[in-house]
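First the structure, in the form of structure tokens, and then the observations on it.
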Amino acid sequence: MSLRIDYKQLAALDAVIREQSFDKAARSLHITQSAVSQRLSQLEHSVGQRLLTRAQPMAPTAQGEHLLRHVRQVALLERELEHRMNADADSYQVLAVAVSNDTLAWFVRTCMQWMPSTPRTLLQVYVDDESRTQQMMRNGTVLGCISQHPTALPGGEVTELGAMRFYCVATPAFARQHFPHGMTDSALARAPAVLVSHDDPLHFDFLAQQHPDFNGVFPFHLIPSINEFVDVITAGAGFGLVSSLLIGERLNQGELVDLCPAAPFHLPLFWHRWAMQSTLISRLTDSLMAEARRLLD
């Protein structure tokens, strides 16, 4: 079957997913709500499949993800072409990427080494756990992501960045009070942990690796921001896993101690992006690889 692409229809699908509303999608496209519905219906009819789940939150189906990915890649290439053709054009290139809380500061710092000299370019960063960032790339929300998954998505490319070391840390006073005999199962069941989410994969992976018989029931603080996450640990209110990029100096100065020095925890990181000829993506890939060689294990 030959598929004829109608980009106005694809734009309607993209807008509905992005805005999570037919009415808001219509306003963003400067057309009526009925026109959005009609274009989406025509698109579904032309491909012979549903492309959107109407429940909240609205999400693309598997076929819808393919089309979203395509239209967003095309939009990036068009903006890059317009930028090269007319440097004074009143438009922006958008670089949308998904990273984790642990890699956010490093990623932004890497981008800021070259983005200020790249005019009319906007950075949009989405944050989720390393185990889930790939889904945002799969559904077309972002053009690349840092993930713990080593396998490239269909139509994508992947580069191994290296391994980020994490320390399980607490203040010396907290360690003396809650772990006087080390990180035993009984101590873990009573000591307050610090998590970034209820199902914090990093923390639970660490427990599974170091304490496979531990039942996983323990008190915890829920702190979804990495800066405040580290602040809670530094204040002596709990213990948790923090990357070496964030707390190296605090360990060296004795402000925090490594609770598990004999068994370091490493998280392999991979840079995923779509296989497309994009100057922005290529430049970002080169920068990330250079910084990874310098900072990661």
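In the structure tokens, each chain is lettered A, B, ... as it comes, each chain's residues begin at 1, and ligands are numbered from 1 in order of appearance.
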Could you build a table of the residues in region 118-156 of chain A lying no more than 10 Å from region 243-267 of chain A, giving for each the nearest pair of atoms and their separation in Å rounded to one decimal place, using only C-alpha atoms, ordered by chain and ascending residue number, as a tab-separated table?
```
residue	atom	partner	partner_atom	distance
A:Glu130	CA	A:Leu267	CA	9.2
A:Ser147	CA	A:Leu267	CA	9.8
A:Gln148	CA	A:Leu267	CA	7.1
```
Practice task
Step one, run DSSP on the backbone; step two, keep only residues of region 2-75 of chain A assigned to strand (DSSP E or B); then write them as an NGL selection string.
Solution key: :A and (52-53 or 59-60)
Practice task
Name all residues at most 10 Å from Gln135 (chain A) (count only C-alpha atoms; drop same-chain ones fewer than 5 positions away) and give them as a PyMOL selection string.
Solution key: chain A and resi 98+128+140-142+145+147+153
Problem - Contacts of region 11-25 of chain A at 12 Å (only C-alpha atoms; same-chain gap of 6+ positions) as a VMD selection string - result: chain A and resid 5 31 to 44 50 to 61 63 to 75 139 to 142
Practice task
Could you check which of A:Met136, A:Leu195, A:Ala62, A:Ala290 is closest to Ile223 (chain A), using only C-alpha atoms?
Solution key: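 Comparing A:Met136, A:Leu195, A:Ala62, A:Ala290 against Ile223 (chain A), the winner is A:Leu195.
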Practice task
Just the residues within 10 Å of Met115 (chain A), please, counting only C-alpha atoms, with nothing from its chain fewer than 5 positions along; format it as a PyMOL selection string.
Solution key: chain A and resi 108+110+120-123+280+283-284
Handout entry: helix (DSSP H, G or I) per DSSP on the backbone: members of region 56-265 of chain A, as a ChimeraX atom specification
Key = /A:62-85,101-111,115-117,133-138,172-178,185-190,201-210,226-234,244-252
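Among the candidates A:Gln177, A:Ser28, A:Ser287, A:Ser131, the one nearest to Asp199 (chain A) when counting only C-alpha atoms is A:Ser131.
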Handout entry: Closest of A:Val99, A:Leu269, A:Ala170, A:Leu296 to Ala237 (chain A) - atom-to-atom distances counting only C-alpha atoms
Key =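 With only C-alpha atoms as the atom set, the closest residue is A:Ala170.
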Exercise for the section: Would you please work out which residue, of A:Gln134, A:Gln113, A:Thr103, A:Ser225, is nearest to Arg165 (chain A) when using only C-alpha atoms? Expected result: A:Thr103
Handout entry: Which of A:Phe239, A:Tyr7, A:Phe218, A:Tyr92 sits closest to Pro172 (chain A) [using only C-alpha atoms]
Key =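 Residue with the minimum atom-to-atom distance to Pro172 (chain A): A:Phe239.
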